[in-house]
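Peer 1: Dropping the structure in here first, questions after.
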Amino acid sequence: MAPLAISLGDPSGIGPEIVGKAWAMREEADLPPFFAVGDAATICHGWTGPIARIDSPGEAAGVFGAALPVMHIFDCGRIRAGEPSVEGARCALAALEMATGLTRSGPAAALVTAPVSKAELYAIGFSYPGQTEFVAERCGVARNNAVMMLAGPTLRVVPVTTHIPLADVPTTLTTELIITKARATARGLARDFGIEQPRLAVAAFNPHAGETGLIGREEIEIIAPAVEALNAEGIEAFGPIAPDALFHPRARATYDAAICMYHDQALIPLKALHFDEGVNITLGLPIIRTSPDHGTAFGIAGRNLANPGAMVAAIRMAGEAARTRDLTLA
């Protein structure tokens with residue numbers, strides 16, 4: 001299997017540090033070979049281990065045992081840990097572009113993205129809600145067909161709507177949108193996780209699943225028709241389920257992923273259960289893309305305090321998904 005490509009994210013954040021720390025844990029965590037893409041000089045902000053500059057992904061495996069392989073593609077200049085800048089955003093975007101391209105063209109088996117600062121990216125003209133949408137476009141996939149799934153050891157969740165105001169969720173939710181997201185989720189679970197017949201639990205939107213319309217009709221008019229249509233397609237889905245009864249241990253044992261109606265409905269239980277292990281994996285792409293489910297953490301950048309657990313989990317999940325795809329194609 002080819003090595004994984006990791007874009008270093010915002011160089012003023014904890015991305016470079018946790019990539020270095022993940023490399024240091026490569027043996028105990030049984031991680032596949034990977035290489036970083038970005039400014040090699042920024043890795044030393046929070047981690048002082050060995051690095052080896054490489055010119056192509058093919059060189060990564062040969063040096064991986066002794067040093068972190070880095071494709072140095074951008075000189076950020078004077079970057080301070082914890083102090084985001086326009087130049088740092090340009091570096092983050094260049095690294096994301098390069099790592100995505102290497103994964104699309106084949107030299108990298110999967111893409112792992114370290115955290116970026118959206119505010120700084122917007123300052124240089126970045127027009128996407130996040131890295132997920134950027135990668136989807138570069139892969140020729142429509143935004144609605146690229147599904148953000150958050151995964152931990154005991155829970156996988158998919159928000160149907162993502163980074164929009166909560167007040168806009170009721171008017172954004174449609175039966176068609178739920179079907180599209182759930183359909184991509186089922187296909188992704190089969191393709192990247194080897195689950196032949198995924199089970200999808202579909203969350204309600206209102207408290208108590210709307211109480212048969214007394215406190216909201218989204219369940220009756222939008223969500224239930226989506227569940228019915230999914231089952232008619234042969235996708236095993238059930239709901240709408242009141243969210244307060246969806247995430248306890250016995251409930252989690254009944255499904256492979258929960259389809260949630262909005263961002264926090266999905267991410268609060270995931271982070272409560274797996275804060276240091278949560279992985280963002282994008283389903284519906286021709287490539288594998290994962291990311292740790294946390295931000296840049298500018299407040300602790302450069303102080304050797306960052307926990308690499310989610311980055312380690314993201315690398316491991318990307319490697320496992322790549323191997324699953326290889327087996328499926330074999």
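Identifiers in the structure tokens: chain A, B, ... in order shown; residue index from 1 per chain; ligand index from 1 in order shown.
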For range 244-319 of chain A versus range 210-232 of chain A, which residues have an atom no more than 12 Å away, and what is each residue's nearest atom pair and distance in Å rounded to one decimal, using only C-alpha atoms, chain-then-number order, as a tab-separated table?
Peer 2:
```
residue	atom	partner	partner_atom	distance
A:Ile259	CA	A:Val227	CA	10.5
A:Cys260	CA	A:Ile223	CA	10.5
A:Met261	CA	A:Ile223	CA	9.1
```
Peer 1: Near Gly278 in chain A, counting only C-alpha atoms, which residues have an atom at most 9 Å away, once you skip same-chain residues fewer than 5 positions from it, shown as a list in words?
Peer 2: Leu150, Ala151, Gly152, Pro153, Leu270, Lys271, Leu273, Ser291, Pro292, Asp293, His294, Gly309, Ala310, Met311, Ala313 and Ala314 of chain A
Peer 1: Would you return as an MDAnalysis selection string the members of range 97-272 of chain A that DSSP assigns to alpha helix (DSSP H) on this structure's backbone?
Peer 2: chainID A and resid 97:105 118:123 131:138 169:172 175:193 218 224:232 249:252 263:272
Peer 1: With only C-alpha atoms as the basis for distance, which of A:Phe238, A:Leu189, A:Thr282, A:Ile300 is at the shortest distance from Thr132 in chain A?
Peer 2: A:Thr282
Peer 1: Identify which of the residues A:Pro165, A:Gly77, A:Gly106, A:Pro69 lies closest to Ala52 in chain A, counting only C-alpha atoms when measuring atom-to-atom distances.
Peer 2: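 Selected residue with least distance to Ala52 in chain A: A:Pro69.
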Peer 1: Name the closest residue to Ala22 in chain A among the candidates A:Pro243, A:Met71, A:Glu97, A:Phe35; distances are taken between atoms, counting only C-alpha atoms.
Peer 2: A:Phe35
Peer 1: Using only C-alpha atoms, which of the listed residues (A:Ile18, A:Ile6, A:Leu327, A:Ala266) sits closest to Val312 in chain A?
Peer 2: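 Selected residue with least distance to Val312 in chain A: A:Ile18.
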Peer 1: Taking into account only C-alpha atoms, which residue in the set A:Glu83, A:Glu236, A:Glu59, A:Asp168 is nearest to Thr254 in chain A?
Peer 2: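 Looking at the shortest contact to Thr254 in chain A, the residue is A:Glu236.
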Peer 1: Could you pull out the strand (DSSP E or B) residues of range 1-224 of chain A, going by DSSP on the backbone, and write them as number ranges by chain?
Peer 2: A: 4-7, 34-38, 51-53, 68-72, 111-113, 147-151, 156-159, 199-203
Peer 1: Quick one: residues within 8 Å of Gly299 in chain A, only C-alpha atoms counted, chain neighbours fewer than 2 positions away excluded, as a list in words?
Peer 2: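 In the requested form, the answer reads Gly82, Ala297 and Ala301 of chain A.
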Peer 1: Convert the current residue selection to file output with N, CA, C and O atoms, as a PDB file, in the first residue's frame.
Peer 2:
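Result saved to result_11.pdb:
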```pdb
ATOM      1  N   GLY A  82       0.604  29.734  17.788  1.00  0.00           N
ATOM      2  CA  GLY A  82      -0.497  30.377  18.486  1.00  0.00           C
ATOM      3  C   GLY A  82      -0.929  31.703  17.913  1.00  0.00           C
ATOM      4  O   GLY A  82      -1.880  32.313  18.405  1.00  0.00           O
ATOM      5  N   ALA A 297      -6.492  24.743  18.045  1.00  0.00           N
ATOM      6  CA  ALA A 297      -6.038  24.881  19.445  1.00  0.00           C
ATOM      7  C   ALA A 297      -4.876  25.870  19.556  1.00  0.00           C
ATOM      8  O   ALA A 297      -3.834  25.571  20.141  1.00  0.00           O
ATOM      9  N   ALA A 301      -0.774  25.881  21.246  1.00  0.00           N
ATOM     10  CA  ALA A 301       0.197  25.584  20.189  1.00  0.00           C
ATOM     11  C   ALA A 301       1.602  25.994  20.609  1.00  0.00           C
ATOM     12  O   ALA A 301       1.804  27.027  21.254  1.00  0.00           O
TER      13      ALA A 301
END
```
Peer 1: So how far away is CA of Ile195 in chain A from CA of Pro159 in chain A, in Å?
Peer 2: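 Interatomic distance, CA of Pro159 in chain A to CA of Ile195 in chain A: 19.9 Å.
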Peer 1: Pick out the closest residue to Ala67 in chain A from this set: A:Lys21, A:Arg191, A:Arg325, A:Arg104. Count only C-alpha atoms.
Peer 2: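 Ranked by minimum distance to Ala67 in chain A, first place goes to A:Lys21.
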Peer 1: Please provide as a ChimeraX atom specification all residues within 9 Å of His45 in chain A, with the sequence filter that same-chain residues fewer than 2 positions apart are discarded (counting only C-alpha atoms).
Peer 2: /A:11-12,14,16-17,41-43,47-48,80-81,301-304
Peer 1: Could the residues in this selection be saved with all heavy atoms as a compact mmCIF listing (two decimals), in the first residue's frame?
Peer 2:
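File produced: out14.txt:
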```
# COMPACT_ATOMS: atom_id res chain seq x y z
N PRO A 11 0.04 26.31 10.20
CA PRO A 11 1.33 26.12 10.86
C PRO A 11 1.44 26.76 12.23
O PRO A 11 2.36 26.43 13.00
CB PRO A 11 2.31 26.76 9.87
CG PRO A 11 1.50 27.75 9.11
CD PRO A 11 0.14 27.14 8.99
N SER A 12 0.51 27.68 12.56
CA SER A 12 0.51 28.29 13.89
C SER A 12 -0.29 27.50 14.90
O SER A 12 -0.29 27.83 16.10
CB SER A 12 -0.05 29.72 13.81
OG SER A 12 0.73 30.52 12.96
N ILE A 14 -1.79 23.39 16.23
CA ILE A 14 -1.17 22.18 16.76
C ILE A 14 -1.00 21.09 15.72
O ILE A 14 -0.47 20.02 16.03
CB ILE A 14 -1.99 21.61 17.95
CG1 ILE A 14 -3.40 21.18 17.49
CG2 ILE A 14 -2.04 22.62 19.08
CD1 ILE A 14 -4.16 20.39 18.57
N PRO A 16 1.12 20.58 13.04
CA PRO A 16 2.47 20.02 12.90
C PRO A 16 2.91 19.22 14.13
O PRO A 16 3.56 18.18 14.00
CB PRO A 16 3.33 21.26 12.70
CG PRO A 16 2.41 22.27 12.08
CD PRO A 16 1.09 22.02 12.75
N GLU A 17 2.55 19.70 15.31
CA GLU A 17 2.94 19.01 16.55
C GLU A 17 2.31 17.62 16.64
O GLU A 17 3.00 16.63 16.94
CB GLU A 17 2.54 19.85 17.76
CG GLU A 17 2.82 19.17 19.11
CD GLU A 17 2.35 20.00 20.28
OE1 GLU A 17 2.18 21.23 20.14
OE2 GLU A 17 2.14 19.42 21.37
N ALA A 41 9.78 23.43 8.54
CA ALA A 41 10.29 24.18 9.68
C ALA A 41 9.27 24.35 10.79
O ALA A 41 9.64 24.52 11.96
CB ALA A 41 10.79 25.55 9.21
N THR A 42 7.98 24.29 10.46
CA THR A 42 6.96 24.53 11.49
C THR A 42 6.77 23.34 12.41
O THR A 42 6.19 23.49 13.49
CB THR A 42 5.61 24.88 10.83
OG1 THR A 42 5.15 23.75 10.07
CG2 THR A 42 5.75 26.07 9.91
N ILE A 43 7.25 22.17 12.05
CA ILE A 43 7.05 21.00 12.89
C ILE A 43 7.77 21.14 14.22
O ILE A 43 7.31 20.64 15.26
CB ILE A 43 7.49 19.72 12.14
CG1 ILE A 43 6.60 19.51 10.92
CG2 ILE A 43 7.43 18.49 13.05
CD1 ILE A 43 7.01 18.36 10.05
N TRP A 47 7.30 20.04 18.59
CA TRP A 47 7.85 18.67 18.60
C TRP A 47 9.27 18.73 18.06
O TRP A 47 9.54 19.42 17.08
CB TRP A 47 6.99 17.77 17.72
CG TRP A 47 7.42 16.34 17.68
CD1 TRP A 47 7.30 15.41 18.67
CD2 TRP A 47 8.02 15.66 16.57
NE1 TRP A 47 7.80 14.20 18.27
CE2 TRP A 47 8.25 14.32 16.97
CE3 TRP A 47 8.39 16.04 15.29
CZ2 TRP A 47 8.82 13.37 16.14
CZ3 TRP A 47 8.96 15.10 14.45
CH2 TRP A 47 9.17 13.78 14.87
N THR A 48 10.18 18.02 18.70
CA THR A 48 11.59 18.14 18.34
C THR A 48 12.18 16.83 17.83
O THR A 48 13.40 16.63 17.88
CB THR A 48 12.41 18.63 19.54
OG1 THR A 48 12.21 17.72 20.65
CG2 THR A 48 12.00 20.03 19.96
N ARG A 80 4.74 32.31 14.15
CA ARG A 80 4.73 32.13 15.60
C ARG A 80 3.61 31.18 16.00
O ARG A 80 2.47 31.36 15.57
CB ARG A 80 4.55 33.47 16.31
CG ARG A 80 5.72 34.44 16.12
CD ARG A 80 5.45 35.72 16.90
NE ARG A 80 6.53 36.68 16.74
CZ ARG A 80 7.64 36.70 17.48
NH1 ARG A 80 7.79 35.79 18.44
NH2 ARG A 80 8.56 37.62 17.26
N ALA A 81 3.94 30.21 16.82
CA ALA A 81 2.92 29.28 17.31
C ALA A 81 1.86 30.05 18.08
O ALA A 81 2.17 30.92 18.89
CB ALA A 81 3.56 28.23 18.21
N ALA A 301 -0.77 25.88 21.25
CA ALA A 301 0.20 25.58 20.19
C ALA A 301 1.60 25.99 20.61
O ALA A 301 1.80 27.03 21.25
CB ALA A 301 -0.19 26.30 18.91
N GLY A 302 2.56 25.15 20.25
CA GLY A 302 3.94 25.44 20.53
C GLY A 302 4.39 25.16 21.95
O GLY A 302 5.54 25.43 22.30
N ARG A 303 3.53 24.58 22.76
CA ARG A 303 3.86 24.34 24.18
C ARG A 303 3.99 22.87 24.52
O ARG A 303 4.08 22.50 25.68
CB ARG A 303 2.78 24.99 25.06
CG ARG A 303 2.70 26.51 24.87
CD ARG A 303 1.44 27.10 25.47
NE ARG A 303 1.33 26.82 26.89
CZ ARG A 303 0.23 27.05 27.62
NH1 ARG A 303 -0.86 27.55 27.01
NH2 ARG A 303 0.20 26.78 28.90
N ASN A 304 3.97 22.01 23.49
CA ASN A 304 4.12 20.57 23.68
C ASN A 304 3.03 19.99 24.58
O ASN A 304 3.26 19.07 25.36
CB ASN A 304 5.51 20.23 24.24
CG ASN A 304 5.84 18.74 24.12
OD1 ASN A 304 5.33 18.05 23.22
ND2 ASN A 304 6.67 18.23 25.01
```
Peer 1: CA of Arg323 in chain A and CA of Ile287 in chain A are how many Å apart?
Peer 2: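 Between these atoms lies a distance of 12.4 Å.
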Peer 1: Show which residues sit within 12 Å of Phe247 in chain A, as a ChimeraX atom specification. Count only C-alpha atoms, and ignore same-chain residues fewer than 6 positions away.
Peer 2: /A:154-157,201-203,241,253-260,265-273
Peer 1: With a distance cut-off of 9 Å and only C-alpha atoms, select the neighbouring residues of Thr290 in chain A, excluding the residue or stretch itself and same-chain residues fewer than 3 positions from it, and output the selection as a list in words.
Peer 2: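 The residues satisfying every condition are Ala110, Leu111, Val112, Thr113, Val279, Asn280, Ile281, Thr282, Ala314, Ile315, Met317 and Ala318 of chain A.
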Peer 1: Can you list, as an NGL selection string, every protein, DNA or RNA residue that comes within 8 Å of Gln197 in chain A when you count only C-alpha atoms, leaving out same-chain residues fewer than 3 positions away?
Peer 2: :A and (186 or 190 or 235-236)
